[in-house]
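Below is final-v2.txt, holding compact mmCIF, C-alpha atoms.
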# COMPACT_ATOMS: atom_id res chain seq x y z
CA MET A 19 44.87 2.10 -56.60
CA SER A 20 46.67 1.90 -53.28
CA THR A 21 45.16 1.07 -49.93
CA PRO A 22 45.85 3.39 -46.99
CA VAL A 23 47.09 1.65 -43.85
CA VAL A 24 47.39 2.95 -40.31
CA ILE A 25 49.46 1.19 -37.67
CA ALA A 26 48.50 2.59 -34.29
CA SER A 27 48.83 1.55 -30.69
CA CYS A 28 45.39 1.45 -29.07
CA PRO A 29 45.65 1.09 -25.29
CA PRO A 30 42.45 1.15 -23.17
CA ALA A 31 43.57 4.57 -21.87
CA LEU A 32 42.17 5.99 -25.13
CA LEU A 33 38.62 4.79 -24.37
CA ARG A 34 35.98 7.33 -23.36
CA ARG A 35 34.98 5.31 -20.32
CA TYR A 36 38.54 5.35 -18.98
CA THR A 37 38.91 9.11 -19.24
CA GLY A 38 40.17 10.94 -16.18
CA GLN A 39 40.44 14.69 -15.61
CA VAL A 40 43.93 14.76 -17.09
CA ASP A 41 44.84 12.81 -20.23
CA PRO A 42 47.80 10.55 -19.44
CA VAL A 43 48.55 9.95 -23.16
CA PRO A 44 47.97 13.30 -24.94
CA GLU A 45 50.65 12.86 -27.61
CA LEU A 46 49.53 9.32 -28.47
CA ARG A 47 45.90 10.42 -28.60
CA ALA A 48 46.69 13.34 -30.91
CA ALA A 49 48.68 11.11 -33.25
CA VAL A 50 45.97 8.43 -33.24
CA LEU A 51 43.19 10.92 -33.98
CA GLU A 52 45.24 12.50 -36.73
CA ALA A 53 45.79 9.05 -38.25
CA ALA A 54 42.05 8.34 -37.97
CA ALA A 55 41.30 11.55 -39.87
CA TRP A 56 43.96 10.63 -42.45
CA ILE A 57 42.45 7.23 -43.17
CA THR A 58 38.81 8.28 -43.12
CA ALA A 59 39.64 10.96 -45.72
CA ARG A 60 41.09 8.27 -48.00
CA ALA A 61 38.96 5.17 -47.39
CA ALA A 62 35.18 4.74 -47.40
CA SER A 63 35.54 1.62 -45.24
CA VAL A 64 38.19 0.31 -42.85
CA GLU A 65 39.27 -3.22 -41.91
CA ILE A 66 40.45 -3.36 -38.29
CA LEU A 67 43.06 -5.87 -37.12
CA GLY A 68 44.46 -6.37 -33.65
CA GLY A 69 44.17 -8.12 -30.28
CA GLU A 70 40.85 -8.15 -28.41
CA SER A 71 41.55 -5.21 -26.13
CA SER A 72 42.97 -3.05 -28.93
CA LEU A 73 40.10 -3.91 -31.30
CA ARG A 74 37.60 -2.45 -28.85
CA VAL A 75 39.58 0.77 -28.75
CA ALA A 76 40.06 0.97 -32.51
CA GLU A 77 36.31 0.43 -33.05
CA GLU A 78 35.53 3.37 -30.80
CA ILE A 79 38.07 5.59 -32.57
CA LEU A 80 36.66 4.61 -35.98
CA ALA A 81 33.02 4.54 -34.95
CA GLY A 82 30.77 5.57 -37.76
CA ARG A 83 33.14 4.31 -40.42
CA PRO A 84 31.85 1.04 -41.96
CA ARG A 85 34.01 -2.08 -41.88
CA GLY A 86 35.36 -2.96 -45.30
CA PRO A 87 38.46 -3.38 -47.45
CA ALA A 88 39.12 0.20 -48.62
CA GLY A 89 41.56 0.91 -45.79
CA VAL A 90 43.29 -1.04 -43.01
CA TRP A 91 43.85 -0.13 -39.37
CA VAL A 92 46.30 -2.34 -37.52
CA ALA A 93 46.18 -1.88 -33.77
CA ALA A 94 49.64 -2.84 -32.56
CA ASN A 95 52.17 -2.00 -29.90
CA GLY A 96 55.60 -3.18 -28.92
CA SER A 97 56.86 -4.61 -25.65
CA ALA A 98 55.04 -3.80 -22.41
CA ARG A 99 58.13 -4.80 -20.42
CA ARG A 100 60.33 -1.77 -20.97
CA SER A 101 60.90 -0.59 -17.39
CA GLU A 102 60.63 -1.64 -13.74
CA LYS A 103 57.29 0.20 -13.56
CA ALA A 104 55.98 -1.09 -16.90
CA PRO A 105 52.85 -3.25 -16.80
CA GLY A 106 55.00 -6.29 -17.57
CA HIS A 107 57.99 -5.13 -15.50
CA LEU A 108 61.42 -5.05 -17.14
CA ASP A 109 62.69 -7.49 -19.72
CA GLU A 110 65.96 -6.31 -21.22
CA ARG A 111 65.18 -8.04 -24.53
CA SER A 112 62.47 -5.43 -25.17
CA PHE A 113 64.71 -2.73 -26.57
CA ALA A 114 66.37 -4.67 -29.38
CA PHE A 115 63.06 -6.30 -30.26
CA ASP A 116 61.11 -3.04 -30.45
CA GLU A 117 63.90 -1.31 -32.36
CA GLU A 118 63.76 -4.01 -35.03
CA VAL A 119 59.96 -3.77 -35.41
CA GLU A 120 60.03 0.01 -35.38
CA ARG A 121 62.73 0.21 -38.05
CA ALA A 122 60.69 -2.16 -40.20
CA ILE A 123 57.50 -0.13 -39.76
CA ALA A 124 59.28 3.13 -40.58
CA ALA A 125 60.80 1.63 -43.72
CA GLY A 126 57.82 -0.47 -44.77
CA ASP A 127 60.20 -3.43 -44.76
CA VAL A 128 57.96 -6.36 -45.71
CA ALA A 129 60.70 -8.97 -45.38
CA ALA A 130 61.52 -7.88 -41.84
CA LEU A 131 57.87 -7.62 -40.80
CA THR A 132 57.03 -11.09 -42.07
CA SER A 133 59.96 -12.69 -40.25
CA LEU A 134 59.55 -11.22 -36.77
CA ASP A 135 60.02 -13.52 -33.78
CA LEU A 136 56.33 -13.54 -32.84
CA ALA A 137 56.86 -15.87 -29.87
CA ARG A 138 59.29 -13.37 -28.40
CA GLY A 139 56.76 -10.64 -29.09
CA ASP A 140 54.17 -12.61 -27.11
CA ASP A 141 56.66 -13.03 -24.23
CA LEU A 142 57.23 -9.29 -24.23
CA LEU A 143 53.46 -8.58 -24.28
CA ALA A 144 53.67 -6.92 -27.70
CA SER A 145 50.33 -6.89 -29.49
CA GLY A 146 49.02 -6.90 -33.06
CA LEU A 147 52.24 -8.05 -34.71
CA ARG A 148 50.54 -10.89 -36.55
CA GLY A 149 48.11 -8.40 -38.13
CA LEU A 150 51.05 -6.21 -39.05
CA ALA A 151 52.81 -9.11 -40.79
CA ASP A 152 49.58 -10.08 -42.53
CA VAL A 153 49.08 -6.61 -43.99
CA ALA A 154 52.74 -6.20 -44.95
CA ALA A 155 52.53 -9.48 -46.87
CA ARG A 156 49.67 -8.22 -49.03
CA GLY A 157 51.71 -6.04 -51.31
CA GLY A 158 54.50 -3.52 -51.65
CA VAL A 159 54.53 -0.89 -48.92
CA THR A 160 55.08 2.69 -50.06
CA ASN A 161 55.03 6.09 -48.37
CA ALA A 162 55.87 4.58 -44.97
CA ASP A 163 55.69 7.36 -42.39
CA LEU A 164 56.37 6.72 -38.69
CA ARG A 165 54.63 9.67 -37.02
CA TYR A 166 54.91 8.83 -33.34
CA ALA A 167 57.04 6.41 -31.32
CA ALA A 168 57.38 6.59 -27.54
CA ASP A 169 56.97 4.61 -24.33
CA PRO A 170 55.64 6.94 -21.62
CA TYR A 171 54.56 3.99 -19.44
CA GLY A 172 56.95 1.23 -20.36
CA VAL A 173 54.88 0.07 -23.37
CA ARG A 174 56.19 0.91 -26.85
CA TYR A 175 53.55 2.87 -28.75
CA TRP A 176 53.66 3.62 -32.50
CA VAL A 177 51.54 5.55 -34.96
CA ALA A 178 52.48 5.14 -38.61
CA THR A 179 50.86 5.34 -42.01
CA TRP A 180 51.57 3.31 -45.16
CA GLU A 181 50.15 2.71 -48.54
CA ILE A 182 50.03 -0.78 -49.95
CA ALA A 183 49.51 -1.70 -53.59
CA MET B 7 27.64 -13.78 12.70
CA THR B 8 30.50 -15.33 14.66
CA LEU B 9 33.82 -15.12 12.90
CA ARG B 10 36.37 -17.66 14.04
CA LEU B 11 40.00 -16.91 13.24
CA GLY B 12 42.09 -19.79 14.55
CA ARG B 13 41.46 -20.01 18.29
CA HIS B 14 39.98 -16.51 18.44
CA ARG B 15 36.23 -15.94 18.21
CA PHE B 16 34.50 -12.68 17.32
CA PRO B 17 30.87 -13.35 18.21
CA ASP B 18 29.35 -10.01 17.26
CA ASP B 19 29.55 -8.02 14.04
CA ARG B 20 32.31 -5.79 15.36
CA LYS B 21 34.59 -4.49 12.63
CA LEU B 22 38.21 -5.58 12.99
CA MET B 23 41.55 -3.93 12.22
CA MET B 24 44.19 -6.03 10.45
CA ALA B 25 47.54 -4.22 10.74
CA ILE B 26 50.04 -4.74 7.94
CA VAL B 27 53.47 -5.80 9.19
CA ASN B 28 55.79 -6.38 6.28
CA ARG B 29 58.89 -8.53 6.51
CA THR B 30 60.26 -7.09 3.28
CA PRO B 31 62.97 -4.60 2.36
CA ASP B 32 60.91 -3.05 -0.41
CA SER B 33 57.12 -2.94 0.03
CA PHE B 34 55.50 0.05 -1.65
CA TYR B 35 54.44 1.99 1.44
CA ASP B 36 56.78 1.19 4.27
CA LYS B 37 59.85 0.60 2.07
CA GLY B 38 61.70 -1.64 4.49
CA ALA B 39 60.77 0.13 7.72
CA THR B 40 60.12 -3.23 9.39
CA TRP B 41 62.74 -5.29 7.54
CA ALA B 42 64.90 -5.58 10.63
CA GLU B 43 63.16 -8.12 12.86
CA ASP B 44 63.26 -5.97 15.97
CA LYS B 45 61.68 -3.08 14.07
CA ALA B 46 58.92 -5.42 12.92
CA PHE B 47 58.40 -6.64 16.47
CA ASP B 48 58.19 -3.02 17.67
CA ARG B 49 55.54 -2.38 15.02
CA VAL B 50 53.52 -5.33 16.30
CA ALA B 51 53.69 -3.85 19.81
CA GLN B 52 52.61 -0.50 18.44
CA VAL B 53 49.61 -1.76 16.48
CA VAL B 54 48.47 -3.95 19.36
CA GLU B 55 48.60 -0.85 21.55
CA GLU B 56 46.50 0.94 18.89
CA GLY B 57 43.90 -1.80 19.15
CA ALA B 58 44.53 -4.01 16.13
CA GLU B 59 42.90 -7.39 16.56
CA ILE B 60 44.92 -8.94 13.74
CA VAL B 61 48.44 -8.52 12.37
CA ASP B 62 49.07 -9.52 8.75
CA ILE B 63 52.66 -10.60 8.27
CA GLY B 64 53.96 -10.71 4.69
CA GLY B 65 57.35 -11.66 3.32
CA ILE B 66 57.07 -10.63 -0.34
CA LYS B 67 56.09 -7.31 -1.84
CA ALA B 68 53.11 -7.40 -4.20
CA ALA B 69 54.86 -5.58 -7.06
CA PRO B 70 57.06 -7.38 -9.59
CA GLY B 71 60.77 -7.67 -8.85
CA VAL B 72 63.47 -10.04 -7.76
CA GLU B 73 62.07 -13.52 -7.28
CA ILE B 74 61.71 -14.55 -3.63
CA ASP B 75 61.49 -18.31 -3.42
CA ALA B 76 59.68 -20.30 -0.75
CA THR B 77 62.87 -20.85 1.26
CA GLU B 78 63.61 -17.14 1.48
CA GLU B 79 59.96 -16.36 2.17
CA ARG B 80 59.99 -18.85 5.06
CA ARG B 81 63.19 -17.31 6.38
CA ARG B 82 61.49 -13.91 6.47
CA VAL B 83 58.29 -14.90 8.22
CA VAL B 84 58.28 -18.23 10.05
CA ALA B 85 60.50 -17.48 13.02
CA PHE B 86 58.89 -14.06 13.31
CA VAL B 87 55.45 -15.65 13.52
CA ALA B 88 56.73 -17.88 16.33
CA ARG B 89 58.10 -14.86 18.18
CA VAL B 90 54.85 -12.91 17.86
CA ARG B 91 52.80 -15.96 18.84
CA ALA B 92 54.79 -16.39 22.06
CA ALA B 93 54.52 -12.71 22.98
CA TYR B 94 50.85 -12.16 22.06
CA PRO B 95 48.65 -15.20 22.76
CA ASP B 96 45.43 -13.27 22.15
CA LEU B 97 46.46 -11.63 18.90
CA VAL B 98 45.19 -13.04 15.62
CA ILE B 99 48.21 -13.76 13.46
CA SER B 100 47.56 -13.65 9.74
CA VAL B 101 50.20 -14.47 7.14
CA ASP B 102 50.02 -13.03 3.63
CA THR B 103 51.26 -15.79 1.35
CA TRP B 104 50.06 -17.59 -1.74
CA ARG B 105 52.22 -20.66 -1.09
CA ALA B 106 50.91 -23.80 0.65
CA GLU B 107 54.46 -24.63 1.79
CA VAL B 108 54.78 -21.32 3.62
CA GLY B 109 51.23 -21.62 4.94
CA ARG B 110 52.08 -24.99 6.48
CA ALA B 111 55.25 -23.66 8.12
CA VAL B 112 53.53 -20.66 9.71
CA CYS B 113 50.55 -22.72 10.88
CA GLU B 114 53.01 -25.00 12.66
CA GLU B 115 54.17 -21.90 14.56
CA GLY B 116 50.65 -20.86 15.52
CA ALA B 117 49.33 -18.64 12.74
CA ASP B 118 45.53 -18.24 12.82
CA LEU B 119 44.72 -16.96 9.34
CA LEU B 120 46.09 -17.47 5.85
CA ASN B 121 45.64 -14.39 3.68
CA ASP B 122 45.69 -15.73 0.12
CA ALA B 123 46.26 -12.42 -1.64
CA TRP B 124 46.75 -13.91 -5.11
CA GLY B 125 43.39 -15.52 -5.72
CA GLY B 126 44.18 -19.17 -5.20
CA ALA B 127 47.44 -19.34 -7.17
CA ASP B 128 48.39 -22.40 -5.08
CA PRO B 129 45.32 -24.61 -4.71
CA GLY B 130 47.07 -26.46 -1.85
CA LEU B 131 46.82 -23.47 0.48
CA ALA B 132 43.16 -24.17 1.27
CA GLU B 133 44.07 -27.76 2.13
CA VAL B 134 46.63 -26.48 4.62
CA ALA B 135 44.02 -24.19 6.16
CA ALA B 136 41.68 -27.15 6.54
CA GLU B 137 44.37 -29.38 8.02
CA PHE B 138 45.32 -26.85 10.69
CA ASP B 139 41.76 -25.55 11.19
CA VAL B 140 42.85 -21.97 10.57
CA ALA B 141 40.91 -19.21 8.84
CA MET B 142 41.42 -18.02 5.29
CA VAL B 143 40.94 -14.89 3.22
CA VAL B 144 40.13 -15.60 -0.43
CA THR B 145 40.62 -12.85 -3.01
CA HIS B 146 39.54 -11.75 -6.47
CA THR B 147 42.47 -11.08 -8.77
CA GLY B 148 41.00 -11.62 -12.23
CA GLY B 149 43.31 -14.60 -12.63
CA VAL B 150 46.60 -12.71 -12.75
CA ALA B 151 49.75 -14.55 -11.70
CA PRO B 152 51.36 -13.56 -8.37
CA ARG B 153 53.35 -10.33 -8.47
CA THR B 154 52.11 -9.21 -11.86
CA ARG B 155 50.46 -5.91 -12.68
CA PRO B 156 47.07 -5.73 -14.41
CA HIS B 157 47.56 -5.10 -18.15
CA ARG B 158 44.45 -4.19 -20.14
CA ILE B 159 42.21 -6.44 -18.06
CA GLU B 160 38.50 -6.20 -18.83
CA TYR B 161 35.39 -7.45 -17.11
CA ASP B 162 31.77 -7.51 -18.24
CA ASP B 163 30.99 -6.71 -14.61
CA VAL B 164 33.93 -6.53 -12.20
CA VAL B 165 31.73 -6.81 -9.11
CA ALA B 166 29.88 -9.86 -10.40
CA ASP B 167 33.24 -11.39 -11.29
CA ALA B 168 34.65 -10.62 -7.83
CA ILE B 169 31.63 -12.13 -6.07
CA SER B 170 31.62 -15.20 -8.28
CA SER B 171 35.36 -15.81 -7.88
CA THR B 172 35.57 -15.29 -4.12
CA THR B 173 32.43 -17.20 -3.24
CA ARG B 174 33.55 -20.07 -5.44
CA GLN B 175 36.92 -20.15 -3.67
CA ALA B 176 35.19 -19.94 -0.29
CA GLU B 177 32.87 -22.86 -1.10
CA ARG B 178 35.83 -24.86 -2.37
CA ALA B 179 37.64 -24.23 0.90
CA VAL B 180 34.57 -25.39 2.84
CA SER B 181 34.41 -28.57 0.76
CA LEU B 182 38.06 -29.22 1.65
CA GLY B 183 37.30 -28.88 5.37
CA VAL B 184 37.87 -25.21 6.21
CA ALA B 185 35.19 -24.10 8.70
CA ARG B 186 32.51 -21.95 7.08
CA GLU B 187 32.76 -19.50 9.99
CA SER B 188 36.49 -19.11 9.25
CA LEU B 189 36.25 -17.80 5.68
CA VAL B 190 36.55 -14.20 4.59
CA ILE B 191 36.18 -12.77 1.07
CA ASP B 192 38.15 -9.83 -0.31
CA PRO B 193 37.63 -8.01 -3.62
CA ALA B 194 41.37 -7.16 -3.51
CA HIS B 195 41.40 -3.55 -4.68
CA ASP B 196 43.87 -2.92 -7.51
CA PHE B 197 44.79 -6.61 -7.88
CA GLY B 198 43.97 -7.40 -11.51
CA LYS B 199 41.96 -4.20 -11.57
CA ASN B 200 42.49 -0.70 -12.87
CA THR B 201 41.36 2.38 -10.92
CA PHE B 202 37.90 2.37 -12.48
CA HIS B 203 37.41 -1.26 -11.49
CA SER B 204 38.54 -0.60 -7.90
CA LEU B 205 36.26 2.43 -7.64
CA GLU B 206 33.31 0.41 -8.90
CA VAL B 207 34.05 -2.39 -6.42
CA THR B 208 34.07 0.21 -3.63
CA ARG B 209 30.87 1.86 -4.82
CA ARG B 210 29.08 -1.51 -5.04
CA LEU B 211 30.66 -3.19 -2.02
CA GLY B 212 27.19 -3.70 -0.56
CA GLU B 213 26.65 -6.42 -3.16
CA MET B 214 29.63 -8.33 -1.73
CA THR B 215 28.56 -7.94 1.88
CA ALA B 216 25.04 -9.01 0.90
CA THR B 217 26.40 -12.48 0.05
CA GLY B 218 26.63 -13.11 3.80
CA TRP B 219 30.37 -13.88 3.75
CA PRO B 220 32.43 -11.53 5.93
CA VAL B 221 34.23 -9.04 3.70
CA LEU B 222 37.80 -7.79 4.11
CA VAL B 223 38.94 -4.65 2.30
CA SER B 224 42.54 -3.69 1.69
CA LEU B 225 42.49 -0.05 0.60
CA SER B 226 45.45 1.38 2.38
CA ASN B 227 47.40 3.93 0.34
CA LYS B 228 46.64 2.13 -2.90
CA ASP B 229 47.02 3.42 -6.43
CA PHE B 230 43.28 3.75 -7.03
CA VAL B 231 43.32 6.42 -4.30
CA GLY B 232 46.49 7.94 -5.74
CA GLU B 233 45.09 8.10 -9.28
CA SER B 234 41.77 9.52 -8.11
CA LEU B 235 43.41 12.38 -6.24
CA ASP B 236 46.75 12.59 -8.09
CA LEU B 237 48.71 12.02 -4.90
CA GLY B 238 51.84 10.01 -4.19
CA VAL B 239 52.13 6.99 -1.94
CA GLY B 240 52.81 8.98 1.23
CA GLU B 241 49.88 11.39 0.73
CA ARG B 242 46.91 9.07 0.39
CA LEU B 243 45.62 8.73 3.95
CA ASN B 244 42.63 11.04 3.53
CA GLY B 245 41.55 9.35 0.30
CA THR B 246 42.04 5.94 1.91
CA LEU B 247 39.86 6.94 4.86
CA ALA B 248 37.14 8.22 2.53
CA ALA B 249 37.09 4.85 0.77
CA THR B 250 37.15 3.21 4.22
CA ALA B 251 34.04 5.08 5.31
CA VAL B 252 32.22 3.99 2.15
CA CYS B 253 33.19 0.36 2.76
CA ALA B 254 32.22 0.63 6.43
CA LEU B 255 28.76 1.92 5.51
CA ALA B 256 28.48 -1.03 3.13
CA GLY B 257 29.30 -3.42 5.98
CA ALA B 258 32.88 -4.55 5.40
CA ARG B 259 34.05 -6.56 8.44
CA ILE B 260 37.87 -6.45 8.35
CA TYR B 261 40.13 -3.54 7.32
CA ARG B 262 43.70 -4.31 6.24
CA VAL B 263 45.66 -1.12 7.02
CA HIS B 264 48.93 0.67 7.57
CA GLN B 265 47.27 3.21 9.88
CA VAL B 266 45.26 1.51 12.62
CA THR B 267 44.31 4.47 14.81
CA GLU B 268 42.92 6.61 12.02
CA THR B 269 41.02 3.71 10.46
CA ARG B 270 39.55 2.63 13.78
CA GLN B 271 38.23 6.14 14.36
CA VAL B 272 36.69 6.34 10.89
CA VAL B 273 35.04 2.92 11.14
CA ASP B 274 33.76 3.61 14.69
CA MET B 275 32.32 6.97 13.58
CA VAL B 276 30.56 5.33 10.63
CA ASP B 277 29.13 2.64 12.90
CA THR B 278 27.95 5.26 15.38
CA ILE B 279 26.24 7.20 12.58
CA ALA B 280 24.67 4.00 11.30
CA GLY B 281 23.29 3.20 14.74
CA LEU B 282 25.43 0.08 15.12
CA ARG B 283 27.55 1.59 17.86
CA LEU B 284 26.63 3.82 20.77
CA PRO B 285 28.46 7.10 21.20
CA ARG B 286 31.11 6.49 23.81
CA ARG B 287 29.95 9.09 26.29
CA ALA B 288 27.22 11.74 25.70
CA ILE B 289 26.23 14.50 28.10
CA ARG B 290 26.13 17.69 25.94
CA GLY B 291 22.57 19.05 26.00
CA LEU B 292 21.56 16.21 28.25
CA ALA B 293 22.69 17.44 31.63
Could you write out this structure as structure tokens?
Amino acid sequence: MSTPVVIASCPPALLRRYTGQVDPVPELRAAVLEAAAWITARAASVEILGGESSLRVAEEILAGRPRGPAGVWVAANGSARRSEKAPGHLDERSFAFDEEVERAIAAGDVAALTSLDLARGDDLLASGLRGLADVAARGGVTNADLRYAADPYGVRYWVATWEIA
Amino acid sequence: MTLRLGRHRFPDDRKLMMAIVNRTPDSFYDKGATWAEDKAFDRVAQVVEEGAEIVDIGGIKAAPGVEIDATEERRRVVAFVARVRAAYPDLVISVDTWRAEVGRAVCEEGADLLNDAWGGADPGLAEVAAEFDVAMVVTHTGGVAPRTRPHRIEYDDVVADAISSTTRQAERAVSLGVARESLVIDPAHDFGKNTFHSLEVTRRLGEMTATGWPVLVSLSNKDFVGESLDLGVGERLNGTLAATAVCALAGARIYRVHQVTETRQVVDMVDTIAGLRLPRRAIRGLA
């Protein structure tokens, strides 16, 4: 019996209390909500992993769903240093780093995900990569599906689904 | 309450205009308009003419970018401070720097006020202020490093955090020998804060003024105005003035601005409405 896994970037912009008149992240929000519907249809409970800020967001998205081991939601994002205007300004190392993580997520590549340079990720203000590695290490990843990948504000966002054995 | 800024005393509660004069090629609003020293000097003349009591001279833009070390920062501001000091003995000269080394150099040339925009990043700056008996602005930045943008910062209560941080820095400065009457607190809109935080600080500014410390607000053309109204950097004057009126009603003492004339009018009108200022000249219906 496989466990459904969502990997989704959860910036504070998704929170109700930070809603403006115009949604600055409509595509991310749509992909995140679709992933939330996907996992709640398959898992009676969800374990949430991620950094402090992302956890708060994920909890709001999954409100009403009990915490438990039937499904896993990993709140993660890539570098926040992808442009001059990015929150973390520009660090040219971002692109190769994010490409490597993204390829691994899309392929469900456990070996790659458990050998990421986490210190570099920290430098680049990536988030949730330890949770990602932790989940990948739990069992074979199947049906890896990268549904959204973009950086509208200089932060690399992903939404992907997996199943793990 | 008397506010003493260097050798200049402001005995009443009159609100003061601090005009921004950047010695940078790339600040967000003026984009190098006063990079050439003569242009900067002309701007000082202009803002003095417009009634600014204070000029705030800064050598490094707030946004991230090419590193400007202390030597380059000194090159941009120190000689200019000396030139302004010689030409305008009655003008309060403030310097926007986080570095004690730069603070020392500009105080040696006659600066009156150190505007510590980055929340005490260099703890030695307050010691310099004490040594030279100059005034100081202390700011709330949520602990971010100089020239970094806020990234997912959260507060249980941003106003409580701003009050706690700035009053703690002010008391520390007093304990180091800065005169109590020479300290100003600033919530530092948008520094370590998202738009919602800056709006809340504005809405609840009365809690900061109620501390008794004089409050400085730096609203001018900032992103919280831009995001509220969806307007670019050059289109934010009206929104800035609206925020200014709210801060004036709440009792802010010093206004750090690009546009002196407009801000002075808004603040004077608010004070007149509040009964703190007499209309200049009234005869309509009274003849």
Using only C-alpha atoms, which chain B residues lie at most 12 Å away from chain A, written as a PDB file with C-alpha atoms, keeping the file's coordinate frame?
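Everything below was put into result.pdb:
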ATOM      1  CA  ALA B  69      54.860  -5.580  -7.060  1.00  0.00           C
ATOM      2  CA  PRO B  70      57.060  -7.380  -9.590  1.00  0.00           C
ATOM      3  CA  GLY B  71      60.770  -7.670  -8.850  1.00  0.00           C
ATOM      4  CA  VAL B  72      63.470 -10.040  -7.760  1.00  0.00           C
ATOM      5  CA  VAL B 150      46.600 -12.710 -12.750  1.00  0.00           C
ATOM      6  CA  ALA B 151      49.750 -14.550 -11.700  1.00  0.00           C
ATOM      7  CA  ARG B 153      53.350 -10.330  -8.470  1.00  0.00           C
ATOM      8  CA  THR B 154      52.110  -9.210 -11.860  1.00  0.00           C
ATOM      9  CA  ARG B 155      50.460  -5.910 -12.680  1.00  0.00           C
ATOM     10  CA  PRO B 156      47.070  -5.730 -14.410  1.00  0.00           C
ATOM     11  CA  HIS B 157      47.560  -5.100 -18.150  1.00  0.00           C
ATOM     12  CA  ARG B 158      44.450  -4.190 -20.140  1.00  0.00           C
ATOM     13  CA  ILE B 159      42.210  -6.440 -18.060  1.00  0.00           C
ATOM     14  CA  GLU B 160      38.500  -6.200 -18.830  1.00  0.00           C
ATOM     15  CA  TYR B 161      35.390  -7.450 -17.110  1.00  0.00           C
ATOM     16  CA  GLY B 198      43.970  -7.400 -11.510  1.00  0.00           C
ATOM     17  CA  ASN B 200      42.490  -0.700 -12.870  1.00  0.00           C
ATOM     18  CA  THR B 201      41.360   2.380 -10.920  1.00  0.00           C
ATOM     19  CA  PHE B 202      37.900   2.370 -12.480  1.00  0.00           C
ATOM     20  CA  HIS B 203      37.410  -1.260 -11.490  1.00  0.00           C
ATOM     21  CA  LEU B 205      36.260   2.430  -7.640  1.00  0.00           C
ATOM     22  CA  GLU B 233      45.090   8.100  -9.280  1.00  0.00           C
ATOM     23  CA  SER B 234      41.770   9.520  -8.110  1.00  0.00           C
ATOM     24  CA  LEU B 235      43.410  12.380  -6.240  1.00  0.00           C
ATOM     25  CA  ASP B 236      46.750  12.590  -8.090  1.00  0.00           C
TER      26      ASP B 236
END
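One distance worth recording is that between atom CA of A:Arg60 and atom CA of A:Ala151, which is 22.2 Å.
The space separating atom CA of A:Leu32 from atom CA of B:Asn227 comes to 26.1 Å.
Between A:Leu46 and the candidates A:Phe113, A:Ala59, A:Asp152, A:Ala26, the tightest atom-to-atom separation, counting only C-alpha atoms, involves A:Ala26.
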### Message
Would you pick out the contacts of stretch 122-128 of chain B at 12 Å or less, using all atoms listed in the file, so that residues sharing its chain but fewer than 5 positions from it are not included, and give the list as a ChimeraX atom specification?
### Response
/B:62-64,66-69,100-109,133-135,141-155,168,171-176,178-179,189-198,222-224,262
### Neighbours of point (37.9, -1.4, -31.2) within 12 Å, using only C-alpha atoms, written as a PyMOL selection string
chain A and resi 26-30+32-34+64-83+85+91-94
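If you count all atoms listed in the file and ignore residues fewer than 6 places along the chain from A:Asp141, what sits within 10 Å of it is Ser97, Ala98, Arg99, Gly106, Asp109, Arg111 and Ser112 of chain A.
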For the residues in that selection, give me C-alpha atoms as a CSV table (one decimal), in the frame of the given file.
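Saved to selection.csv:
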chain,number,residue,atom,x,y,z
A,97,SER,CA,56.9,-4.6,-25.6
A,98,ALA,CA,55.0,-3.8,-22.4
A,99,ARG,CA,58.1,-4.8,-20.4
A,106,GLY,CA,55.0,-6.3,-17.6
A,109,ASP,CA,62.7,-7.5,-19.7
A,111,ARG,CA,65.2,-8.0,-24.5
A,112,SER,CA,62.5,-5.4,-25.2
Box in all listed atoms of stretch 72-76 of chain A, axis-aligned, with 3 Å more on each side; write out centre and edge lengths in Å to one decimal as AutoDock Vina command-line options.
--center_x 40.3 --center_y -1.5 --center_z -30.6 --size_x 11.4 --size_y 10.9 --size_z 9.8
### Query
If you measure from atom CA of A:Pro84 to atom CA of A:Ile57, what distance in Å do you get, rounded to one decimal?
12.3 Å
### Message
From the options A:Thr160, A:Ile25, A:Gly126, A:Ala144, which residue's atoms come nearest to A:Val50, counting only C-alpha atoms?
### Response
A:Ile25
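Among the candidates B:Trp219, B:Tyr94, B:Phe86, B:Phe138, the one nearest to B:Val53 when counting all atoms listed in the file is B:Tyr94.
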### Task
Tell me, as a count of residues only, which residues lie within 8 Å of A:Ala124, counting all atoms listed in the file; anything in the same chain fewer than 4 positions away does not count.
5
Find the residues near B:Ile99: any atom within 6 Å, counting all atoms listed in the file, skip ones fewer than 3 places away on the same chain, and give them as a compact mmCIF listing (two decimals) with C-alpha atoms, in the frame of the given file.
# COMPACT_ATOMS: atom_id res chain seq x y z
CA ILE B 60 44.92 -8.94 13.74
CA VAL B 61 48.44 -8.52 12.37
CA ALA B 117 49.33 -18.64 12.74
CA ASP B 118 45.53 -18.24 12.82
